[in-house]
$ cat my_file.cif   # mmCIF, C-alpha atoms and all ligand atoms
data_protein
#
loop_
_atom_site.label_atom_id
_atom_site.label_comp_id
_atom_site.auth_asym_id
_atom_site.auth_seq_id
_atom_site.Cartn_x
_atom_site.Cartn_y
_atom_site.Cartn_z
CA MET B 19 83.77 9.76 136.73
CA THR B 20 85.89 12.58 135.39
CA PRO B 21 84.68 14.23 132.21
CA THR B 22 86.46 13.61 128.94
CA ILE B 23 88.22 16.09 126.69
CA ASP B 24 86.57 16.47 123.29
CA SER B 25 89.66 16.05 121.12
CA ASP B 26 87.87 17.13 117.91
CA ARG B 27 86.58 20.32 119.48
CA LEU B 28 89.99 21.16 120.94
CA TRP B 29 91.69 20.49 117.59
CA GLN B 30 89.14 22.57 115.69
CA SER B 31 89.67 25.49 118.07
CA ILE B 32 93.44 25.31 117.54
CA MET B 33 92.95 25.21 113.76
CA ASP B 34 90.44 28.09 113.84
CA MET B 35 92.76 30.21 115.98
CA ALA B 36 95.56 29.62 113.44
CA GLU B 37 93.44 31.36 110.80
CA ILE B 38 94.02 34.64 112.60
CA GLY B 39 97.24 36.09 111.22
CA PRO B 40 97.77 33.15 108.89
CA THR B 41 101.12 32.91 107.10
CA PRO B 42 101.52 31.44 103.60
CA GLU B 43 103.41 28.44 104.96
CA GLY B 44 100.54 27.43 107.26
CA GLY B 45 101.63 29.04 110.50
CA SER B 46 100.47 32.19 112.27
CA CYS B 47 101.90 35.62 112.92
CA ARG B 48 100.28 37.37 115.86
CA LEU B 49 102.78 39.71 117.44
CA ALA B 50 101.62 41.07 120.78
CA LEU B 51 98.95 43.79 120.63
CA THR B 52 98.80 43.91 116.83
CA SER B 53 95.42 43.74 115.13
CA GLU B 54 95.95 39.97 114.71
CA ASP B 55 96.62 39.45 118.43
CA THR B 56 93.61 41.62 119.23
CA ALA B 57 91.42 39.55 116.91
CA ALA B 58 92.69 36.34 118.55
CA ARG B 59 91.77 37.72 121.96
CA ALA B 60 88.30 38.62 120.73
CA LEU B 61 87.77 35.13 119.30
CA PHE B 62 88.95 33.62 122.59
CA LEU B 63 86.43 35.77 124.49
CA ARG B 64 83.68 34.78 122.07
CA TRP B 65 84.44 31.13 122.82
CA CYS B 66 84.41 31.83 126.56
CA LYS B 67 81.04 33.61 126.44
CA PRO B 68 78.70 30.56 126.59
CA LEU B 69 80.63 29.24 129.60
CA GLY B 70 79.46 32.05 131.88
CA LEU B 71 82.95 33.11 132.90
CA HIS B 72 83.83 36.37 134.57
CA HIS B 73 86.34 38.32 132.48
CA ASP B 74 88.96 40.52 134.09
CA GLN B 75 91.83 42.23 132.32
CA ASP B 76 94.77 44.03 133.86
CA ALA B 77 96.59 47.16 132.76
CA ILE B 78 99.31 45.19 130.95
CA GLY B 79 96.70 43.26 128.95
CA ASN B 80 96.69 39.91 130.74
CA MET B 81 93.28 38.21 130.43
CA PHE B 82 91.70 36.26 133.30
CA LEU B 83 88.55 34.18 132.74
CA ARG B 84 87.08 32.97 135.99
CA ARG B 85 84.66 30.13 136.60
CA ALA B 86 83.04 30.44 140.00
CA GLY B 87 83.50 27.70 142.57
CA SER B 88 81.00 26.53 145.17
CA ASP B 89 83.34 27.75 147.91
CA THR B 90 83.46 31.48 147.29
CA THR B 91 86.38 31.99 149.68
CA ALA B 92 88.67 29.35 148.15
CA PRO B 93 91.67 30.50 146.10
CA ALA B 94 91.42 29.58 142.43
CA ILE B 95 93.15 26.86 140.45
CA ALA B 96 94.67 28.72 137.51
CA PHE B 97 95.96 27.55 134.14
CA GLY B 98 96.64 28.86 130.64
CA SER B 99 99.46 30.16 128.47
CA HIS B 100 99.65 32.70 125.61
CA LEU B 101 98.00 33.40 122.24
CA ASP B 102 100.67 35.71 120.80
CA THR B 103 103.25 34.26 118.41
CA VAL B 104 106.65 35.03 116.92
CA PRO B 105 106.72 36.29 113.29
CA THR B 106 107.32 32.75 112.00
CA GLY B 107 104.93 31.23 114.53
CA GLY B 108 103.32 27.83 114.35
CA ARG B 109 99.85 26.87 115.52
CA PHE B 110 100.69 25.39 118.90
CA ASP B 111 103.28 27.31 120.94
CA GLY B 112 101.22 28.88 123.75
CA ILE B 113 97.94 28.40 121.88
CA ALA B 114 97.75 24.72 122.85
CA GLY B 115 97.93 25.73 126.52
CA VAL B 116 95.23 28.39 126.36
CA LEU B 117 92.88 26.30 124.26
CA ALA B 118 93.47 23.13 126.30
CA GLY B 119 92.46 25.27 129.28
CA LEU B 120 89.37 26.40 127.39
CA GLU B 121 88.56 22.76 126.59
CA VAL B 122 88.89 21.90 130.30
CA LEU B 123 86.24 24.54 131.05
CA ARG B 124 84.05 23.41 128.15
CA ALA B 125 84.21 19.77 129.28
CA LEU B 126 83.26 20.74 132.85
CA HIS B 127 80.46 22.92 131.53
CA ASP B 128 79.06 20.13 129.34
CA ALA B 129 79.26 17.65 132.21
CA GLY B 130 77.48 20.13 134.51
CA ILE B 131 80.26 19.84 137.09
CA ALA B 132 80.74 22.62 139.63
CA THR B 133 84.09 22.61 141.37
CA ARG B 134 84.66 23.66 144.97
CA ALA B 135 87.50 26.06 144.18
CA PRO B 136 87.08 28.62 141.39
CA LEU B 137 89.00 28.05 138.15
CA GLU B 138 90.86 30.73 136.25
CA LEU B 139 91.97 30.53 132.63
CA VAL B 140 94.72 32.97 131.63
CA ASN B 141 96.04 34.45 128.39
CA TRP B 142 99.29 36.23 129.24
CA MET B 143 100.22 39.33 127.22
CA ASN B 144 103.36 39.26 125.05
CA GLU B 145 104.92 36.00 126.10
CA GLU B 146 107.06 35.92 122.99
CA GLY B 147 108.80 39.25 123.30
CA SER B 148 109.24 39.46 119.52
CA ARG B 149 107.70 42.89 119.24
CA PHE B 150 108.29 44.25 122.73
CA SER B 151 111.22 42.92 124.72
CA PRO B 152 111.53 41.27 127.24
CA ALA B 153 109.61 38.07 126.66
CA MET B 154 107.04 36.94 129.24
CA MET B 155 106.17 40.60 129.73
CA GLY B 156 102.63 40.17 131.08
CA SER B 157 103.58 37.56 133.65
CA ARG B 158 106.70 39.48 134.67
CA VAL B 159 104.60 42.56 135.37
CA ALA B 160 101.89 40.58 137.20
CA ALA B 161 104.58 38.97 139.34
CA GLY B 162 106.14 42.34 140.20
CA GLU B 163 109.37 41.34 138.46
CA LEU B 164 109.03 44.22 135.96
CA PRO B 165 107.40 47.46 137.14
CA LEU B 166 104.27 48.36 135.15
CA ALA B 167 105.53 51.86 134.34
CA ARG B 168 108.75 50.48 132.91
CA ALA B 169 106.93 47.91 130.79
CA LEU B 170 104.51 50.54 129.45
CA ALA B 171 107.43 52.69 128.26
CA ILE B 172 109.11 49.89 126.26
CA THR B 173 108.93 50.51 122.51
CA ASP B 174 108.89 48.28 119.45
CA ASP B 175 111.19 48.74 116.45
CA ALA B 176 108.79 51.36 115.04
CA GLY B 177 108.92 53.39 118.27
CA ILE B 178 105.40 52.46 119.43
CA SER B 179 105.25 52.02 123.19
CA VAL B 180 103.48 49.22 125.02
CA ALA B 181 101.21 51.89 126.53
CA GLN B 182 100.29 53.17 123.07
CA ALA B 183 99.73 49.66 121.71
CA LEU B 184 97.50 48.80 124.67
CA ALA B 185 95.48 51.96 124.13
CA ASP B 186 95.22 51.49 120.35
CA SER B 187 94.15 47.86 120.67
CA GLY B 188 91.83 48.49 123.61
CA GLN B 189 93.61 45.75 125.53
CA GLY B 190 94.65 47.71 128.63
CA GLY B 191 92.30 46.60 131.40
CA ALA B 192 91.26 48.24 134.65
CA LEU B 193 92.96 45.86 137.08
CA THR B 194 96.32 46.72 138.57
CA PRO B 195 98.69 43.88 137.62
CA ALA B 196 99.39 41.86 140.77
CA PRO B 197 99.70 38.29 141.97
CA ARG B 198 96.24 36.75 142.14
CA ASP B 199 94.53 34.63 144.73
CA TRP B 200 95.51 31.23 143.35
CA SER B 201 96.50 28.02 145.09
CA ALA B 202 98.02 26.41 142.00
CA TRP B 203 99.18 27.36 138.51
CA LEU B 204 99.40 24.82 135.66
CA GLU B 205 100.58 25.36 132.08
CA LEU B 206 100.29 22.89 129.24
CA HIS B 207 102.80 23.59 126.46
CA ILE B 208 104.28 21.83 123.46
CA GLU B 209 107.77 20.49 124.11
CA GLN B 210 109.39 22.48 121.27
CA GLY B 211 112.15 19.87 121.19
CA PRO B 212 112.67 16.33 119.90
CA VAL B 213 113.15 14.43 123.17
CA MET B 214 109.63 13.18 123.87
CA GLU B 215 109.13 11.94 120.34
CA ALA B 216 112.51 10.20 120.38
CA THR B 217 111.84 8.50 123.70
CA GLY B 218 108.15 7.77 123.16
CA ALA B 219 107.01 9.84 126.14
CA GLU B 220 103.40 10.98 125.86
CA ILE B 221 103.38 13.52 128.69
CA GLY B 222 106.39 15.59 129.75
CA ILE B 223 106.51 16.52 133.41
CA VAL B 224 108.47 19.77 133.41
CA VAL B 225 110.46 19.77 136.62
CA GLY B 226 112.33 23.00 135.94
CA THR B 227 113.75 25.44 133.42
CA MET B 228 117.12 26.57 132.23
CA HIS B 229 118.70 29.79 133.45
CA ALA B 230 118.71 32.45 130.71
CA ARG B 231 120.43 35.84 130.49
CA TYR B 232 119.40 38.36 127.84
CA PHE B 233 121.68 41.10 126.50
CA GLN B 234 121.33 44.13 124.30
CA ILE B 235 124.67 45.41 123.05
CA THR B 236 125.51 48.58 121.18
CA VAL B 237 128.66 48.68 119.09
CA THR B 238 129.76 52.23 118.30
CA GLY B 239 132.41 52.95 115.66
CA GLU B 240 133.00 55.86 113.25
CA PRO B 241 131.01 56.70 110.12
CA SER B 242 133.12 56.78 106.97
CA HIS B 243 133.10 56.22 103.19
CA VAL B 244 133.44 52.65 101.89
CA GLY B 245 135.74 53.86 99.07
CA PRO B 246 138.38 56.30 100.23
CA THR B 247 138.64 54.99 103.80
CA GLU B 248 141.48 52.44 103.88
CA MET B 249 140.62 49.21 105.62
CA ASN B 250 142.97 49.87 108.50
CA ARG B 251 141.46 53.30 109.22
CA ARG B 252 137.91 51.99 109.76
CA HIS B 253 135.97 51.54 112.95
CA ASP B 254 133.23 49.41 111.45
CA SER B 255 130.50 48.61 113.97
CA LEU B 256 128.88 45.97 111.76
CA ALA B 257 132.10 44.02 111.22
CA ALA B 258 132.74 44.14 114.98
CA ALA B 259 129.18 42.96 115.62
CA ALA B 260 129.73 40.10 113.17
CA GLU B 261 132.63 38.93 115.32
CA VAL B 262 130.42 39.13 118.39
CA ILE B 263 127.75 37.05 116.64
CA MET B 264 130.31 34.35 115.87
CA GLU B 265 131.59 34.39 119.45
CA VAL B 266 128.02 33.95 120.72
CA GLU B 267 127.51 30.99 118.41
CA ARG B 268 130.81 29.45 119.50
CA ALA B 269 129.77 29.85 123.14
CA GLY B 270 126.51 28.03 122.40
CA LEU B 271 128.25 25.23 120.53
CA ALA B 272 130.72 24.77 123.37
CA ALA B 273 127.89 24.66 125.92
CA GLU B 274 125.85 21.88 124.30
CA PRO B 275 124.03 19.78 125.40
CA GLY B 276 123.12 21.78 128.52
CA GLY B 277 123.50 25.26 127.09
CA ARG B 278 122.55 27.51 124.17
CA ALA B 279 123.56 30.94 122.95
CA SER B 280 121.92 32.90 120.14
CA THR B 281 121.97 36.30 118.53
CA SER B 282 118.44 36.94 117.30
CA TRP B 283 118.12 40.64 116.48
CA ILE B 284 120.25 43.25 114.75
CA GLU B 285 119.88 46.93 113.92
CA ASN B 286 122.49 48.64 111.83
CA THR B 287 123.04 52.38 111.39
CA PRO B 288 122.99 54.12 109.00
CA ASN B 289 122.43 50.88 107.06
CA ALA B 290 123.17 52.81 103.90
CA ARG B 291 125.04 51.56 100.86
CA GLY B 292 128.30 53.44 100.63
CA ASN B 293 128.69 53.99 104.36
CA VAL B 294 130.85 52.07 106.78
CA PRO B 295 128.33 51.40 109.57
CA HIS B 296 129.02 53.09 112.86
CA ILE B 297 126.24 51.92 115.22
CA THR B 298 125.14 48.30 115.36
CA ARG B 299 122.89 46.91 118.03
CA LEU B 300 122.43 43.23 118.77
CA HIS B 301 120.24 41.17 120.99
CA PHE B 302 121.60 37.85 122.23
CA ASP B 303 120.89 35.46 125.03
CA VAL B 304 122.78 32.67 126.75
CA ARG B 305 121.08 29.88 128.66
CA HIS B 306 122.11 26.75 130.47
CA ASN B 307 120.69 24.08 132.77
CA SER B 308 123.31 25.17 135.26
CA GLN B 309 123.19 28.78 136.38
CA GLU B 310 126.92 28.69 137.07
CA ALA B 311 127.62 27.62 133.50
CA ALA B 312 125.39 30.41 132.13
CA VAL B 313 127.20 32.94 134.28
CA ALA B 314 130.51 31.62 132.95
CA MET B 315 129.24 31.98 129.34
CA ASP B 316 128.23 35.55 130.15
CA ALA B 317 131.68 36.32 131.60
CA SER B 318 133.57 34.78 128.71
CA LEU B 319 131.49 36.64 126.12
CA ARG B 320 132.10 39.94 127.89
CA GLN B 321 135.81 39.20 127.74
CA SER B 322 135.62 38.41 124.02
CA MET B 323 133.69 41.62 123.42
CA SER B 324 136.27 43.77 125.18
CA GLY B 325 138.97 42.13 123.05
CA ILE B 326 137.00 42.84 119.86
CA ALA B 327 136.35 46.43 120.94
CA GLU B 328 139.98 47.08 121.71
CA ARG B 329 141.35 45.50 118.55
CA ARG B 330 138.90 47.34 116.29
CA GLY B 331 138.79 50.67 118.10
CA VAL B 332 135.04 50.54 118.66
CA ARG B 333 133.03 50.83 121.85
CA ILE B 334 130.78 47.98 122.95
CA ASP B 335 128.19 48.82 125.60
CA VAL B 336 126.60 45.78 127.17
CA ASN B 337 123.14 46.01 128.70
CA PRO B 338 122.10 42.78 130.46
CA TYR B 339 118.42 43.68 130.54
CA ALA B 340 116.61 40.53 131.63
CA ALA B 341 117.04 37.03 132.97
CA PHE B 342 114.94 34.11 134.09
CA GLY B 343 115.30 30.89 136.01
CA PRO B 344 116.51 28.46 136.88
CA ILE B 345 113.17 27.47 138.35
CA ALA B 346 112.31 24.21 140.03
CA PHE B 347 108.59 23.62 139.67
CA ASP B 348 106.46 22.38 142.53
CA ARG B 349 107.25 18.74 143.31
CA ARG B 350 103.77 17.92 144.58
CA LEU B 351 102.10 19.30 141.48
CA GLY B 352 104.62 17.44 139.31
CA ALA B 353 103.76 14.24 141.16
CA LEU B 354 100.06 14.91 140.67
CA LEU B 355 100.52 15.35 136.90
CA ARG B 356 102.63 12.17 136.78
CA GLN B 357 99.93 10.28 138.68
CA LYS B 358 97.12 11.60 136.48
CA ALA B 359 99.05 10.62 133.35
CA ALA B 360 99.70 7.14 134.73
CA ALA B 361 96.01 6.75 135.57
CA ARG B 362 95.30 7.32 131.86
CA GLN B 363 97.98 4.77 130.88
CA LEU B 364 100.18 7.53 129.47
CA THR B 365 103.96 7.34 129.60
CA THR B 366 105.78 10.27 131.17
CA ARG B 367 109.24 11.73 131.18
CA ASP B 368 110.71 14.41 133.41
CA MET B 369 111.87 17.40 131.38
CA ILE B 370 113.77 20.67 131.76
CA ALA B 371 112.28 23.52 129.69
CA ALA B 372 114.82 25.29 127.49
CA ALA B 373 112.38 28.02 126.40
CA GLY B 374 111.07 30.73 128.64
CA HIS B 375 107.50 30.34 129.87
CA ASP B 376 105.15 32.49 131.93
CA SER B 377 105.21 29.72 134.54
CA VAL B 378 108.75 30.81 135.42
CA PHE B 379 107.29 33.97 136.95
CA MET B 380 104.39 32.21 138.64
CA ALA B 381 106.61 29.61 140.34
CA PRO B 382 107.95 31.93 143.07
CA LEU B 383 104.41 33.11 143.89
CA VAL B 384 102.25 30.02 143.81
CA PRO B 385 102.86 26.25 143.52
CA SER B 386 103.35 25.87 139.76
CA ALA B 387 103.92 23.10 137.26
CA MET B 388 104.03 22.56 133.52
CA LEU B 389 103.25 19.61 131.32
CA PHE B 390 104.54 19.09 127.81
CA VAL B 391 103.02 17.32 124.86
CA PRO B 392 105.35 16.13 122.07
CA SER B 393 106.37 18.34 119.14
CA VAL B 394 106.70 16.46 115.87
CA ALA B 395 110.43 16.46 114.97
CA GLY B 396 111.00 19.09 117.65
CA ILE B 397 110.18 21.87 115.15
CA THR B 398 109.06 25.16 116.72
CA HIS B 399 108.86 28.90 116.05
CA ASN B 400 108.27 27.64 112.54
CA PRO B 401 105.07 27.23 110.51
CA LYS B 402 105.79 23.47 110.44
CA GLU B 403 105.42 23.29 114.23
CA TYR B 404 103.06 20.36 114.85
CA SER B 405 101.59 18.11 117.50
CA THR B 406 98.89 15.59 116.63
CA LYS B 407 95.28 15.87 117.71
CA GLU B 408 95.79 12.90 120.03
CA GLN B 409 98.96 14.29 121.57
CA VAL B 410 97.31 17.59 122.43
CA ALA B 411 94.14 15.87 123.68
CA ARG B 412 96.13 13.58 126.00
CA GLY B 413 97.79 16.59 127.57
CA ALA B 414 94.47 18.38 127.93
CA GLN B 415 92.97 15.32 129.61
CA VAL B 416 95.80 15.18 132.16
CA LEU B 417 95.33 18.91 132.74
CA LEU B 418 91.59 18.41 133.29
CA ASP B 419 92.15 15.48 135.66
CA ALA B 420 94.69 17.45 137.69
CA VAL B 421 92.53 20.59 137.79
CA LEU B 422 89.55 18.59 139.02
CA GLU B 423 91.56 16.98 141.78
CA LEU B 424 93.02 20.30 142.90
CA ALA B 425 89.72 22.18 142.77
CA GLY B 426 87.64 19.43 144.33
CA ILE B 427 83.98 18.77 143.68
C1 LIG R 1 111.10 33.00 125.34
O1 LIG R 1 110.22 32.17 125.22
C2 LIG R 1 112.49 32.68 125.51
O2 LIG R 1 112.77 31.49 125.77
O3 LIG R 1 113.33 33.57 125.37
MN MN R 2 105.30 29.53 124.43
MN MN R 3 107.47 30.76 121.73
#

$ encode --input "my_file.cif" --output "structure tokens"
Amino acid sequence: MTPTIDSDRLWQSIMDMAEIGPTPEGGSCRLALTSEDTAARALFLRWCKPLGLHHDQDAIGNMFLRRAGSDTTAPAIAFGSHLDTVPTGGRFDGIAGVLAGLEVLRALHDAGIATRAPLELVNWMNEEGSRFSPAMMGSRVAAGELPLARALAITDDAGISVAQALADSGQGGALTPAPRDWSAWLELHIEQGPVMEATGAEIGIVVGTMHARYFQITVTGEPSHVGPTEMNRRHDSLAAAAEVIMEVERAGLAAEPGGRASTSWIENTPNARGNVPHITRLHFDVRHNSQEAAVAMDASLRQSMSGIAERRGVRIDVNPYAAFGPIAFDRRLGALLRQKAAARQLTTRDMIAAAGHDSVFMAPLVPSAMLFVPSVAGITHNPKEYSTKEQVARGAQVLLDAVLELAGI
């Protein structure tokens, strides 16, 4: 019958990967294209080596590991996720999906099973977007949603471009990023929320994602001295930005349970003691299950920002630089995952993903689906992020069962 996931091997791989860029609290920090991310990629390739996979890499750093099928003309069944993390990353976000995919290939290899269709395991570059924004950069570029040249020119907070980081890390491959010859895309991911644990669901069938809108804003005031400048003569960009931050939080609170809004990045100039700040930049995003509701949050925040700008005599430039979703994943693939979970006596629950995932950019190109495994206490982007060995292994088994059915023997 179908081969079985080796839960100990999968768990050990996840634990070993976490030792690259370890943080004192037990998580990992592997920002895209840093030496830690590069080391993680090398370890991943080392693990792939004995499986006889063909390795391709594209010019934005996406990694494709291909297992040949007996039908050389068949499109591949693809799966994977990402190995990069946020600065306060845990051990599972993205990693579970890549290494569950690796375990699928290892289990097939051990069982000596050749599939009809080829299989392709993917590590997408810079899913997190912590160092280089926007998030899901590699999949966006591969999907044609973000032009390669534009992505290469994006810089991190130190002014290093994606192009430079790819060159320095040796991660820029020869392939031109493009949609690949796949007939299905599957991504296993941790839930990153508390719902599955609370409801006792073992496998989450992700039927779609929220709609998210990302903004960069620049508040421009006037530099002045914190002493002699009377309060009413100031055009303080940081104080204005603080009001924006509170408005964003209020918008998120008002949009629960379907919506969220968060400011997650700030840069303040000159950021010098003694100076009233005059340039403050923020990054925030709004997201909602309903696109209409997210658009309404966007509109109401823009209105609040013009009010703040007028009252404080500052300028606020709004750059809505990225968006994703809402995506409805492929119903047939969702049904297949549900059926494979049921066949293993696992309970399922249909879910909407609130985080961005590379699958969002695959869905318009190829039938795509995601499955979730539970996150203990819903903790994520945190060193305490955790799923049990059994939870991850169950998801990997469903992934393997689905891949085998799609690829055929
Ligand atoms: C990225 O994962 C996001 O949800 O913004
Ligand atoms: Mn992720
Ligand atoms: Mn993440």

$ closest_residue --input "my_file.cif" --among "B:Asn286, B:Gln415, B:Ser393, B:Ser377" --to "Ala361 of chain B" --atoms "only C-alpha atoms"
B:Gln415

$ closest_residue --input "my_file.cif" --among "B:Gly218, B:Gly239, B:Pro68, B:Gly352" --to "Ala327 of chain B" --atoms "all atoms listed in the file"
B:Gly239

$ residues_near_ligand --input "my_file.cif" --ligand "ligand LIG 1 (chain R)" --cutoff "10 Å" --atoms "all atoms listed in the file" --output "VMD selection string"
chain B and resid 103 to 104 111 to 112 144 to 148 151 to 154 227 to 232 302 to 305 340 to 342 371 to 376 399

$ residues_around --input "my_file.cif" --residues "Gly108 of chain B" --least-positions-apart "6" --cutoff "10 Å" --atoms "all atoms listed in the file" --output "ChimeraX atom specification"
/B:36,40-41,43-47,397-404

$ residues_around --input "my_file.cif" --residues "segment 273-282 of chain B" --least-positions-apart "5" --cutoff "8 Å" --atoms "all atoms listed in the file" --output "ChimeraX atom specification"
/B:263,266-267,300-308,311-312

$ write_last_selection --input "my_file.cif" --atoms "C-alpha atoms" --output "PDB file, in the frame of the given file"
ATOM      1  CA  ILE B 263     127.750  37.050 116.640  1.00  0.00           C
ATOM      2  CA  VAL B 266     128.020  33.950 120.720  1.00  0.00           C
ATOM      3  CA  GLU B 267     127.510  30.990 118.410  1.00  0.00           C
ATOM      4  CA  LEU B 300     122.430  43.230 118.770  1.00  0.00           C
ATOM      5  CA  HIS B 301     120.240  41.170 120.990  1.00  0.00           C
ATOM      6  CA  PHE B 302     121.600  37.850 122.230  1.00  0.00           C
ATOM      7  CA  ASP B 303     120.890  35.460 125.030  1.00  0.00           C
ATOM      8  CA  VAL B 304     122.780  32.670 126.750  1.00  0.00           C
ATOM      9  CA  ARG B 305     121.080  29.880 128.660  1.00  0.00           C
ATOM     10  CA  HIS B 306     122.110  26.750 130.470  1.00  0.00           C
ATOM     11  CA  ASN B 307     120.690  24.080 132.770  1.00  0.00           C
ATOM     12  CA  SER B 308     123.310  25.170 135.260  1.00  0.00           C
ATOM     13  CA  ALA B 311     127.620  27.620 133.500  1.00  0.00           C
ATOM     14  CA  ALA B 312     125.390  30.410 132.130  1.00  0.00           C
TER      15      ALA B 312
END

$ residues_around --input "my_file.cif" --residues "Asp24 of chain B" --least-positions-apart "5" --cutoff "10 Å" --atoms "all atoms listed in the file" --output "ChimeraX atom specification"
/B:29,121-122,124-125,411,414-415

$ atom_distance --input "my_file.cif" --atom1 "atom CA of Ile113 of chain B" --atom2 "atom CA of Ile23 of chain B"
16.4 Å

$ closest_residue --input "my_file.cif" --among "B:Ala259, B:Ala114, B:Ala192, B:Val140" --to "ligand MN 2 (chain R)" --atoms "only C-alpha atoms and all ligand atoms"
B:Ala114

$ closest_residue --input "my_file.cif" --among "B:Ile78, B:Ile208, B:Leu271, B:Ile38" --to "ligand MN 3 (chain R)" --atoms "all atoms listed in the file"
B:Ile208

$ closest_residue --input "my_file.cif" --among "B:Leu355, B:Phe110, B:Phe233, B:Glu408" --to "Glu209 of chain B" --atoms "only C-alpha atoms"
B:Phe110

$ atom_distance --input "my_file.cif" --atom1 "atom CA of Gly413 of chain B" --atom2 "atom CA of His72 of chain B"
25.2 Å

$ closest_residue --input "my_file.cif" --among "B:Gly119, B:Pro136, B:Gly211, B:Gly270" --to "ligand MN 3 (chain R)" --atoms "only C-alpha atoms and all ligand atoms"
B:Gly211

$ axis_aligned_box --input "my_file.cif" --around "segment 93-100 of chain B" --padding-each-side "8 Å" --output "AutoDock Vina command-line options"
--center_x 95.5 --center_y 29.8 --center_z 135.9 --size_x 24.2 --size_y 21.8 --size_z 36.5

$ atom_distance --input "my_file.cif" --atom1 "atom CA of Val384 of chain B" --atom2 "atom CA of Ile95 of chain B"
10.2 Å

$ residues_near_point --input "my_file.cif" --point "(81.3, 15.3, 128.3)" --cutoff "6 Å" --atoms "all atoms listed in the file" --output "list in words"
Pro21, Thr22, Ala125, Asp128 and Ala129 of chain B

$ write_last_selection --input "my_file.cif" --atoms "C-alpha atoms" --output "PDB file, keeping the file's coordinate frame"
ATOM      1  CA  PRO B  21      84.680  14.230 132.210  1.00  0.00           C
ATOM      2  CA  THR B  22      86.460  13.610 128.940  1.00  0.00           C
ATOM      3  CA  ALA B 125      84.210  19.770 129.280  1.00  0.00           C
ATOM      4  CA  ASP B 128      79.060  20.130 129.340  1.00  0.00           C
ATOM      5  CA  ALA B 129      79.260  17.650 132.210  1.00  0.00           C
TER       6      ALA B 129
END

$ residues_around --input "my_file.cif" --residues "Arg330 of chain B" --least-positions-apart "3" --cutoff "9 Å" --atoms "all atoms listed in the file" --output "ChimeraX atom specification"
/B:239,252-255,258,325-327,333

$ residues_around --input "my_file.cif" --residues "Ser31 of chain B" --least-positions-apart "2" --cutoff "10 Å" --atoms "only C-alpha atoms" --output "MDAnalysis selection string"
chainID B and resid 25:29 33:36 61:62 65 113:114 117:118 120:121
